[in-house]
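Asks: My file is run-v2.tsv. It has TSV, C-alpha atoms:
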```
chain	number	residue	atom	x	y	z
A	1	MET	CA	104.96	48.55	78.72
A	2	GLU	CA	104.04	44.95	79.51
A	3	ILE	CA	107.02	42.59	79.64
A	4	SER	CA	106.29	38.99	78.84
A	5	LEU	CA	107.84	36.02	80.59
A	6	ALA	CA	109.34	35.02	77.25
A	7	THR	CA	111.28	38.27	77.18
A	8	TYR	CA	112.71	37.57	80.60
A	9	GLN	CA	113.58	34.04	79.54
A	10	GLN	CA	115.40	35.47	76.56
A	11	ALA	CA	117.27	37.73	78.95
A	12	ALA	CA	118.21	34.73	81.03
A	13	LYS	CA	119.71	32.98	78.03
A	14	GLY	CA	121.87	35.80	76.85
A	15	MET	CA	122.10	39.55	76.89
A	16	THR	CA	120.98	41.40	73.80
A	17	GLU	CA	120.29	45.08	73.34
A	18	GLU	CA	116.57	44.37	73.15
A	19	SER	CA	116.40	42.27	76.28
A	20	ARG	CA	118.53	44.77	78.13
A	21	ASP	CA	116.08	47.52	77.22
A	22	ALA	CA	113.22	45.32	78.37
A	23	ILE	CA	114.90	44.77	81.70
A	24	ILE	CA	115.56	48.47	82.06
A	25	ALA	CA	111.92	49.22	81.30
A	26	TYR	CA	110.78	46.64	83.86
A	27	LEU	CA	113.09	47.92	86.58
A	28	THR	CA	112.05	51.49	85.84
A	29	GLN	CA	108.40	50.61	86.35
A	30	HIS	CA	108.71	48.29	89.34
A	31	SER	CA	110.45	48.90	92.61
A	32	HIS	CA	111.95	45.99	94.52
A	33	GLY	CA	109.04	46.10	96.94
A	34	HIS	CA	106.52	45.87	94.15
A	35	ALA	CA	108.25	42.90	92.59
A	36	ASN	CA	108.61	41.10	95.90
A	37	ALA	CA	104.97	41.72	96.80
A	38	ALA	CA	103.83	40.44	93.43
A	39	LEU	CA	105.90	37.30	93.80
A	40	GLY	CA	104.72	36.83	97.35
A	41	SER	CA	101.02	36.82	96.58
A	42	GLY	CA	99.06	36.17	93.43
A	43	SER	CA	102.03	35.74	91.21
A	44	MET	CA	103.34	32.93	93.37
A	45	ALA	CA	100.08	31.06	92.90
A	46	ILE	CA	100.30	31.55	89.16
A	47	GLY	CA	103.97	30.69	89.30
A	48	ARG	CA	103.31	27.39	91.05
A	49	ARG	CA	100.78	26.60	88.41
A	50	ASN	CA	103.09	27.11	85.47
A	51	ASN	CA	106.37	26.62	87.30
A	52	ALA	CA	107.38	30.15	86.37
A	53	ALA	CA	107.86	31.74	89.79
A	54	VAL	CA	111.37	30.42	90.31
A	55	ARG	CA	112.18	31.43	86.78
A	56	VAL	CA	110.95	34.96	87.42
A	57	VAL	CA	113.05	35.21	90.57
A	58	GLU	CA	116.11	34.09	88.64
A	59	ILE	CA	115.40	36.60	85.90
A	60	ILE	CA	114.93	39.48	88.32
A	61	ASP	CA	118.24	38.53	89.92
A	62	LEU	CA	119.79	38.56	86.47
A	63	ALA	CA	118.17	41.88	85.70
A	64	GLU	CA	119.59	43.38	88.88
A	65	SER	CA	122.97	42.04	87.95
A	66	CYS	CA	122.67	43.53	84.46
A	67	ARG	CA	121.62	46.86	85.88
A	68	SER	CA	124.67	47.02	88.11
A	69	ARG	CA	126.84	46.56	85.02
A	70	LEU	CA	125.21	49.39	83.06
A	71	PRO	CA	127.28	52.56	82.65
A	72	ARG	CA	126.43	54.69	85.68
A	73	SER	CA	126.75	57.89	83.72
A	74	ARG	CA	123.65	56.92	81.82
A	75	PRO	CA	120.40	57.24	83.75
A	76	ILE	CA	117.77	54.58	83.27
A	77	THR	CA	115.00	55.87	81.05
A	78	THR	CA	111.67	54.51	79.97
A	79	ASN	CA	111.28	53.51	76.35
A	80	LYS	CA	109.22	56.63	75.67
A	81	TYR	CA	112.21	58.77	76.59
A	82	GLN	CA	114.94	56.42	75.44
A	83	ILE	CA	118.01	58.43	74.53
A	84	ASP	CA	118.50	58.73	70.78
A	85	GLU	CA	122.19	58.09	70.17
A	86	GLU	CA	122.40	60.31	67.09
A	87	VAL	CA	120.76	63.20	68.94
A	88	GLU	CA	123.10	62.53	71.85
A	89	ARG	CA	126.17	62.76	69.60
A	90	THR	CA	124.93	66.02	68.08
A	91	PHE	CA	124.13	67.39	71.53
A	92	MET	CA	127.58	66.58	72.89
A	93	GLN	CA	129.26	68.41	69.99
A	94	LEU	CA	126.99	71.45	70.33
A	95	ALA	CA	127.33	71.56	74.12
A	96	GLU	CA	131.12	71.47	73.92
A	97	ALA	CA	131.12	74.29	71.34
A	98	TRP	CA	128.65	76.28	73.47
A	99	ARG	CA	130.80	75.97	76.59
A	100	ASP	CA	133.88	76.95	74.62
A	101	GLU	CA	132.29	79.96	72.91
A	102	THR	CA	130.61	81.30	76.06
A	103	LYS	CA	133.49	80.75	78.45
A	104	GLY	CA	133.50	83.59	80.98
A	105	VAL	CA	130.13	84.99	79.81
A	106	SER	CA	128.00	86.04	82.78
A	107	ILE	CA	124.90	87.34	81.04
A	108	MET	CA	122.37	84.60	80.35
A	109	ARG	CA	120.96	86.43	77.32
A	110	ASP	CA	124.34	86.11	75.62
A	111	ARG	CA	124.76	82.50	76.73
A	112	ILE	CA	121.41	81.29	75.39
A	113	LEU	CA	121.54	83.32	72.18
A	114	ASN	CA	124.75	81.54	71.24
A	115	GLN	CA	124.11	79.60	68.02
A	116	ASN	CA	125.07	76.27	69.56
A	117	TYR	CA	122.58	76.66	72.41
A	118	GLN	CA	119.88	77.60	69.90
A	119	LYS	CA	120.69	74.50	67.84
A	120	ILE	CA	120.33	72.39	70.98
A	121	ILE	CA	116.84	73.83	71.49
A	122	GLY	CA	116.23	73.02	67.83
A	123	LEU	CA	116.87	69.32	68.52
A	124	GLY	CA	113.40	69.32	70.08
A	125	PRO	CA	111.81	66.79	72.49
A	126	LYS	CA	114.40	64.10	71.74
A	127	VAL	CA	117.05	66.14	73.55
A	128	VAL	CA	114.96	66.49	76.73
A	129	PRO	CA	116.07	63.21	78.39
A	130	ILE	CA	119.67	64.10	77.49
A	131	LEU	CA	119.35	67.54	79.12
A	132	ILE	CA	117.83	65.93	82.21
A	133	ARG	CA	120.66	63.42	82.35
A	134	GLU	CA	123.11	66.31	82.09
A	135	LEU	CA	121.39	68.09	84.98
A	136	VAL	CA	121.81	64.94	87.07
A	137	PHE	CA	125.39	64.13	86.22
A	138	ARG	CA	126.99	67.28	84.80
A	139	PRO	CA	124.89	70.29	85.81
A	140	ASP	CA	124.84	73.30	83.54
A	141	HIS	CA	122.43	75.99	82.47
A	142	TRP	CA	119.93	73.88	80.52
A	143	PHE	CA	116.85	75.36	82.20
A	144	HIS	CA	116.02	77.76	79.38
A	145	ALA	CA	116.31	75.03	76.75
A	146	LEU	CA	114.06	72.73	78.79
A	147	LYS	CA	111.51	75.50	79.20
A	148	MET	CA	111.47	76.27	75.50
A	149	ILE	CA	111.15	72.66	74.40
A	150	THR	CA	108.68	71.40	77.01
A	151	ASP	CA	106.70	74.61	77.52
A	152	SER	CA	106.96	73.87	81.25
A	153	ASN	CA	108.61	75.61	84.16
A	154	PRO	CA	108.60	73.56	87.36
A	155	ALA	CA	110.67	76.16	89.25
A	156	GLY	CA	108.77	78.55	91.47
A	157	PRO	CA	109.24	82.30	91.92
A	158	GLU	CA	111.05	81.62	95.19
A	159	ASP	CA	113.68	79.63	93.27
A	160	LYS	CA	114.90	82.54	91.14
A	161	GLY	CA	118.66	82.58	90.84
A	162	ASP	CA	119.08	79.43	92.96
A	163	PHE	CA	120.67	76.92	90.60
A	164	GLU	CA	120.33	73.95	92.94
A	165	ARG	CA	116.63	74.52	93.61
A	166	ILE	CA	115.82	74.98	89.92
A	167	ARG	CA	117.85	71.89	89.09
A	168	ALA	CA	116.01	69.89	91.77
A	169	ALA	CA	112.66	71.12	90.41
A	170	TRP	CA	113.52	69.88	86.90
A	171	ILE	CA	114.71	66.52	88.20
A	172	GLU	CA	111.41	66.11	90.07
A	173	TRP	CA	109.61	67.10	86.87
A	174	ALA	CA	111.56	64.42	85.00
A	175	LYS	CA	110.64	61.80	87.59
A	176	ALA	CA	106.99	62.78	87.32
A	177	HIS	CA	107.27	62.30	83.55
A	178	ARG	CA	108.89	58.89	84.05
A	179	MET	CA	112.24	59.95	82.61
A	180	LEU	CA	114.15	59.01	85.74
A	181	ASN	CA	113.78	56.72	88.69
A	182	GLU	CA	115.45	56.97	92.09
A	183	GLU	CA	118.26	54.68	91.02
A	184	ALA	CA	119.21	56.93	88.14
A	185	THR	CA	119.77	59.90	90.42
A	186	ARG	CA	121.88	58.03	92.94
A	187	PRO	CA	125.59	58.87	92.74
A	188	ALA	CA	127.85	56.13	91.44
A	189	VAL	CA	130.29	54.64	93.92
A	190	ASN	CA	133.92	54.83	92.86
B	191	MET	CA	149.00	89.54	77.69
B	192	LYS	CA	148.00	88.33	81.14
B	193	ARG	CA	149.79	85.35	82.58
B	194	LEU	CA	147.96	82.65	84.50
B	195	LEU	CA	149.58	81.86	87.85
B	196	ASP	CA	149.16	78.70	89.87
B	197	PRO	CA	147.33	79.74	93.09
B	198	GLN	CA	149.34	77.18	95.08
B	199	LEU	CA	152.51	78.88	93.88
B	200	ILE	CA	151.18	82.22	95.07
B	201	LYS	CA	150.33	80.70	98.44
B	202	ASP	CA	153.64	78.88	98.78
B	203	LEU	CA	155.73	81.88	97.84
B	204	ASP	CA	153.48	84.35	99.66
B	205	LEU	CA	153.55	86.59	96.61
B	206	SER	CA	152.64	90.17	97.24
B	207	ARG	CA	150.12	91.92	95.02
B	208	ASP	CA	152.95	93.84	93.35
B	209	LEU	CA	154.23	90.57	91.96
B	210	LEU	CA	150.77	89.74	90.72
B	211	GLU	CA	150.91	92.72	88.37
B	212	ASP	CA	149.71	91.72	84.93
B	213	CYS	CA	148.78	88.25	86.18
B	214	TYR	CA	145.70	86.55	87.45
B	215	ALA	CA	145.26	83.38	89.44
B	216	VAL	CA	142.43	80.90	89.49
B	217	THR	CA	141.17	80.51	93.05
B	218	SER	CA	138.22	78.13	92.71
B	219	ASP	CA	136.74	75.31	90.70
B	220	LYS	CA	134.18	76.09	88.00
B	221	ASP	CA	130.81	76.79	89.54
B	222	GLY	CA	127.73	77.70	87.55
B	223	THR	CA	125.61	78.54	90.57
B	224	TYR	CA	126.72	82.18	90.72
B	225	ASN	CA	128.14	84.74	88.31
B	226	CYS	CA	130.30	87.86	88.39
B	227	LEU	CA	127.50	90.25	89.39
B	228	ALA	CA	126.58	88.00	92.34
B	229	TRP	CA	130.22	87.53	93.31
B	230	ALA	CA	130.83	91.28	93.28
B	231	ALA	CA	127.96	91.58	95.77
B	232	CYS	CA	129.49	88.83	97.98
B	233	ASP	CA	126.74	86.42	96.97
B	234	GLY	CA	128.11	82.95	96.17
B	235	LEU	CA	124.68	81.32	96.09
B	236	HIS	CA	122.74	82.99	93.28
B	237	TRP	CA	123.06	83.91	89.61
B	238	TRP	CA	122.34	87.66	89.30
B	239	ASP	CA	121.01	88.46	85.87
B	240	PRO	CA	118.24	90.82	84.74
B	241	THR	CA	118.05	89.20	81.28
B	242	ASP	CA	116.82	85.82	82.55
B	243	GLU	CA	113.53	85.47	84.43
B	244	ASP	CA	114.83	82.44	86.35
B	245	SER	CA	117.82	84.37	87.66
B	246	TYR	CA	117.94	86.54	90.76
B	247	TRP	CA	117.46	90.26	90.45
B	248	PRO	CA	116.37	92.59	93.28
B	249	LYS	CA	112.58	92.81	93.05
B	250	GLU	CA	112.44	96.58	93.38
B	251	VAL	CA	114.90	97.18	90.52
B	252	GLU	CA	114.11	97.30	86.79
B	253	ARG	CA	115.30	94.18	84.98
B	254	SER	CA	117.82	95.88	82.73
B	255	LEU	CA	121.56	95.86	82.10
B	256	ALA	CA	121.57	99.67	81.80
B	257	PRO	CA	124.32	101.03	84.07
B	258	SER	CA	121.75	102.96	86.14
B	259	ALA	CA	119.66	99.81	86.73
B	260	VAL	CA	122.67	97.65	87.62
B	261	ALA	CA	123.89	100.37	89.98
B	262	LYS	CA	120.45	100.38	91.64
B	263	ALA	CA	120.69	96.61	92.09
B	264	PHE	CA	123.96	97.09	93.98
B	265	GLU	CA	122.47	99.99	95.94
B	266	THR	CA	120.05	97.44	97.45
B	267	ARG	CA	123.16	95.87	99.00
B	268	GLY	CA	124.46	99.16	100.36
B	269	TYR	CA	126.84	100.24	97.58
B	270	GLN	CA	127.08	103.85	96.43
B	271	GLU	CA	128.85	105.23	93.40
B	272	CYS	CA	132.44	106.41	94.05
B	273	LEU	CA	135.21	108.01	92.05
B	274	ASP	CA	137.73	105.25	91.54
B	275	GLY	CA	139.06	101.87	92.60
B	276	SER	CA	141.84	103.10	94.85
B	277	PHE	CA	142.28	101.07	98.02
B	278	ASP	CA	140.53	102.16	101.20
B	279	GLN	CA	140.63	99.66	104.04
B	280	ASP	CA	137.28	100.83	105.39
B	281	TYR	CA	135.42	100.42	102.10
B	282	GLN	CA	134.81	97.51	99.82
B	283	LYS	CA	134.82	98.67	96.21
B	284	ILE	CA	133.38	97.10	93.09
B	285	ALA	CA	133.96	97.83	89.41
B	286	LEU	CA	131.19	97.53	86.82
B	287	TYR	CA	132.33	96.79	83.25
B	288	GLY	CA	130.65	97.20	79.89
B	289	THR	CA	129.58	100.11	77.74
B	290	SER	CA	127.54	103.26	78.30
B	291	ASN	CA	124.49	101.14	77.36
B	292	GLU	CA	124.90	98.03	79.45
B	293	ILE	CA	126.92	96.32	82.16
B	294	VAL	CA	128.19	92.82	81.41
B	295	HIS	CA	130.76	92.20	84.13
B	296	ALA	CA	131.77	93.14	87.68
B	297	SER	CA	134.64	92.57	90.06
B	298	ARG	CA	135.21	93.25	93.77
B	299	GLN	CA	138.21	94.56	95.71
B	300	LEU	CA	139.48	92.30	98.47
B	301	ILE	CA	140.82	93.35	101.87
B	302	ASP	CA	144.43	93.07	100.63
B	303	GLY	CA	143.74	95.42	97.72
B	304	SER	CA	143.65	92.74	95.03
B	305	TRP	CA	140.48	92.15	93.00
B	306	ALA	CA	138.21	89.11	92.79
B	307	THR	CA	136.42	88.25	89.57
B	308	LYS	CA	134.08	85.42	88.66
B	309	LEU	CA	134.37	84.36	85.03
B	310	GLY	CA	130.78	83.60	84.07
B	311	PRO	CA	129.95	80.02	85.13
B	312	ASP	CA	133.64	79.21	85.29
B	313	GLU	CA	136.30	79.90	87.91
B	314	ASP	CA	136.91	82.70	90.42
B	315	VAL	CA	140.16	84.54	89.82
B	316	ILE	CA	142.14	87.21	91.63
B	317	HIS	CA	144.06	89.97	89.89
B	318	ALA	CA	145.98	93.05	90.89
B	319	SER	CA	143.91	95.84	89.42
B	320	PRO	CA	140.39	96.21	88.04
B	321	GLU	CA	141.79	97.29	84.68
B	322	ASP	CA	143.25	93.79	84.24
B	323	PHE	CA	139.89	92.60	83.02
B	324	GLU	CA	139.01	95.47	80.74
B	325	GLY	CA	138.64	94.36	77.16
B	326	ARG	CA	138.57	90.80	76.00
B	327	ALA	CA	138.90	88.06	78.61
B	328	GLY	CA	138.29	84.42	77.76
B	329	GLY	CA	135.35	84.18	75.37
B	330	ASP	CA	133.75	87.38	76.59
B	331	ASN	CA	134.24	91.04	75.89
B	332	TYR	CA	133.94	92.76	79.23
B	333	GLY	CA	134.29	96.26	77.79
B	334	ARG	CA	135.70	99.02	79.96
B	335	ILE	CA	135.07	100.05	83.54
B	336	VAL	CA	131.90	102.16	83.55
B	337	LYS	CA	131.37	102.71	87.27
B	338	PHE	CA	133.03	102.18	90.62
B	339	MET	CA	130.86	101.69	93.71
B	340	GLN	CA	131.68	101.18	97.37
B	341	ARG	CA	130.20	100.28	100.72
B	342	ARG	CA	131.65	100.03	104.21
B	343	ARG	CA	133.34	96.70	104.82
B	344	LYS	CA	131.48	94.26	107.06
B	345	GLU	CA	133.00	91.78	109.43
B	346	ASP	CA	130.64	89.11	108.17
B	347	ASP	CA	131.38	89.55	104.45
B	348	PRO	CA	131.23	85.98	103.12
B	349	ALA	CA	134.47	84.18	102.42
B	350	PRO	CA	134.90	82.70	98.94
B	351	PRO	CA	133.61	79.14	98.63
B	352	GLU	CA	136.48	76.68	98.73
B	353	LYS	CA	135.02	74.15	96.37
B	354	SER	CA	132.44	73.91	93.70
B	355	ARG	CA	129.03	73.27	95.22
B	356	TRP	CA	128.05	71.11	92.30
B	357	PRO	CA	127.67	67.46	93.21
B	358	VAL	CA	130.56	65.13	92.55
B	359	PHE	CA	129.67	61.82	90.96
```
Would you mind writing the file out in C-alpha cells?
Replies:
Amino acid sequence: MEISLATYQQAAKGMTEESRDAIIAYLTQHSHGHANAALGSGSMAIGRRNNAAVRVVEIIDLAESCRSRLPRSRPITTNKYQIDEEVERTFMQLAEAWRDETKGVSIMRDRILNQNYQKIIGLGPKVVPILIRELVFRPDHWFHALKMITDSNPAGPEDKGDFERIRAAWIEWAKAHRMLNEEATRPAVN
Amino acid sequence: MKRLLDPQLIKDLDLSRDLLEDCYAVTSDKDGTYNCLAWAACDGLHWWDPTDEDSYWPKEVERSLAPSAVAKAFETRGYQECLDGSFDQDYQKIALYGTSNEIVHASRQLIDGSWATKLGPDEDVIHASPEDFEGRAGGDNYGRIVKFMQRRRKEDDPAPPEKSRWPVF
C-alpha cells in the first residue's frame, strides 16, 4: 500500500482512525533502517526540492509516537489482515465458551469437536489474524483451526506435541504472510 | 463432593495425605503445553494425544485411545500393567481412566503416596487416591479406572514445573 505525503500531513494535523491505519500500514512495511536510508539518500534530494523532507521526518516521529500509544495487546497488522471487530467480538464469545465447556479435557478430538471451536473455524479467513494474535499474546490450542482455515501446516514432524515449537512455526508463518512484524511480537513493558 | 484446598495452606500446615481425603489441591498454573497422559508419564513438555496428528504419540504405537494402545504407549516408557494403585515405594504407579473402549485421562502416584493429575490444558492438582477423579471432574467425564500400570521409580524422575511455561506479557 502506497502512502501519500498528504496522508502523513493529515496525520500530523490530527489523529483519525484512517490516518492511524495508514501509519500502522507504513510502519508495518518499513523498518526504521529503511526509512532512515530513504531519507538519507534520494528522498532527501526530493525533499529539498519540495521542502517535504523535514515534514516527513516530523510525521515519522509522530507515527512512532502514535504507535507507542496503541494498545499493546493488539498486534500491528497490514490492511489485508486488518482485524474485523465484529468477527473479533464473535470470536471472543466463542473462545470463552469453548474454554469453559472443555475445561479439564485432555483429548484434542473432544476439544476441537466442541461446537464453539467448530464455529470459530466457521468464521473463516477473517479469524486468522485474530488466532495469530491470540497465539502471540494468549497462547491456546488454535493450531487445528489455523490448519483447517488456511490449508497450511508450518509445523514439521519433529515438532509433534511441542506446543512452543508449533506456536513459533505459526508465528513465523504469520510474519511471512505479513500479518505481524517484529514489533507486534515484542512483549509489552509494564 | 470434592473440596478445593489452597496449596499454600497445605504447605503451611504440613497436611498429611490422610487430611487430603476427599480433597484436591491445585499445584500449578494453567499450562496448555502438556496434558494428563504426558504428565502421567513424567513428561511436562509435550501434549500426548493419539487423536491429533500434531500431538506427540510414540511412533511405534498405533494412534488410538483403545486401552491396549494407550497401555503400549506407556510401555515405551517402561510401565507394565499391575493389579492396583496401592502404594509401593519402589514403584511409580499410574491410573488410566475411561471406558472399555477408550482412555481419556491418566494420573500418577507421587513418592508420598498422593496422586498427581493434570486437568487437560488447565492446572496440575494433587489428590489422595486415584478414585478421586473417577466420574465427572470439571467439564470432562473421566470415566472409571480401567488399568493400573507401574514402573520402578527413577532418581531422575522430573519434578513438576513450578510455573507455567507460557510467556508472560
Asks: Given all atoms listed in the file as the basis, pick out the residue of A:Leu146, A:Ala176, A:Ala97, A:Val105 nearest to chain B.
Replies: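 Counting all atoms listed in the file, the residue closest to chain B is A:Val105.
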Asks: With a cut-off of 7 Å, could you pull out the residues of chain A touching chain B and give me the nearest pair of atoms for each, distance in Å to one decimal, using all atoms listed in the file, ordered by chain and ascending number, as JSON lines?
Replies:
```
{"residue": "A:Glu101", "atom": "CA", "partner": "B:Gly329", "partner_atom": "CA", "distance": 5.8}
{"residue": "A:Thr102", "atom": "CA", "partner": "B:Gly329", "partner_atom": "CA", "distance": 5.6}
{"residue": "A:Lys103", "atom": "CA", "partner": "B:Gly329", "partner_atom": "CA", "distance": 5.0}
{"residue": "A:Gly104", "atom": "CA", "partner": "B:Gly310", "partner_atom": "CA", "distance": 4.1}
{"residue": "A:Val105", "atom": "CA", "partner": "B:Gly310", "partner_atom": "CA", "distance": 4.5}
{"residue": "A:Ser106", "atom": "CA", "partner": "B:Gly310", "partner_atom": "CA", "distance": 3.9}
{"residue": "A:Ile107", "atom": "CA", "partner": "B:Asp239", "partner_atom": "CA", "distance": 6.3}
{"residue": "A:Met108", "atom": "CA", "partner": "B:Asp242", "partner_atom": "CA", "distance": 6.1}
{"residue": "A:Arg109", "atom": "CA", "partner": "B:Thr241", "partner_atom": "CA", "distance": 5.6}
{"residue": "A:Phe137", "atom": "CA", "partner": "B:Phe359", "partner_atom": "CA", "distance": 6.8}
{"residue": "A:Asp140", "atom": "CA", "partner": "B:Gly222", "partner_atom": "CA", "distance": 6.6}
{"residue": "A:Lys160", "atom": "CA", "partner": "B:Asp244", "partner_atom": "CA", "distance": 4.8}
{"residue": "A:Gly161", "atom": "CA", "partner": "B:Ser245", "partner_atom": "CA", "distance": 3.7}
{"residue": "A:Asp162", "atom": "CA", "partner": "B:His236", "partner_atom": "CA", "distance": 5.1}
{"residue": "A:Phe163", "atom": "CA", "partner": "B:Thr223", "partner_atom": "CA", "distance": 5.2}
{"residue": "A:Pro187", "atom": "CA", "partner": "B:Phe359", "partner_atom": "CA", "distance": 5.3}
{"residue": "A:Ala188", "atom": "CA", "partner": "B:Phe359", "partner_atom": "CA", "distance": 6.0}
```
Asks: Using all atoms listed in the file, which residue out of A:Glu158, A:Glu134, A:Asp100, A:Asp151 lies closest to A:Ile171?
Replies: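 When distances to A:Ile171 are compared using all atoms listed in the file, the smallest one comes from A:Glu134.
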Asks: Within 10 Å of stretch 117-123 of chain A, counting only C-alpha atoms, which residues qualify if same-chain residues fewer than 3 places away don't, as a list in words?
Replies: Val87, Glu88, Thr90, Phe91, Met92, Gln93, Leu94, Ala95, Ala97, Trp98, Arg99, Thr102, Arg111, Ile112, Leu113, Asn114, Lys126, Val127, Val128, Leu131, Trp142, His144, Ala145, Leu146, Lys147, Met148 and Ile149 of chain A
Asks: Rounded to one decimal place, report the atom CA of B:Gly275-atom CA of B:Gln340 distance in Å.
Replies: 8.8 Å
Asks: Rank B:Asp322, B:Asp302, B:Glu271, B:Glu345 by their smallest atom-to-atom distance to B:Ser258, using all atoms listed in the file, and report the top residue only.
Replies: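 The shortest atom-to-atom distance to B:Ser258 comes from B:Glu271.
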Asks: Could you name the residues that touch B:Thr266 at 12 Å or less, counting all atoms listed in the file, but leaving out those on the same chain fewer than 6 positions away, as a PyMOL selection string?
Replies: chain B and resi 231+247-251+259-260+341
Asks: List the residues sitting within 12 Å of (139.0, 106.0, 93.0) in the file's frame, using all atoms listed in the file, as a list in words.
Replies: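 Using all atoms listed in the file, the matching residues come out as Glu271, Cys272, Leu273, Asp274, Gly275, Ser276, Phe277, Asp278, Tyr281, Gln282, Lys283, Ile284, Ala285, Gln299, Ser319, Pro320, Ile335, Lys337, Phe338, Met339 and Gln340 of chain B.
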Asks: Calculate how many Å separate atom CA of B:Pro257 from atom CA of B:Gly234, rounding to one decimal.
Replies: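 Separation of atom CA of B:Pro257 and atom CA of B:Gly234: 22.1 Å.
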Asks: To one decimal in Å, tell me the separation between atom CA of B:Thr307 and atom CA of A:Asp110.
Replies: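 About the pair atom CA of B:Thr307 and atom CA of A:Asp110: they are 18.6 Å apart.
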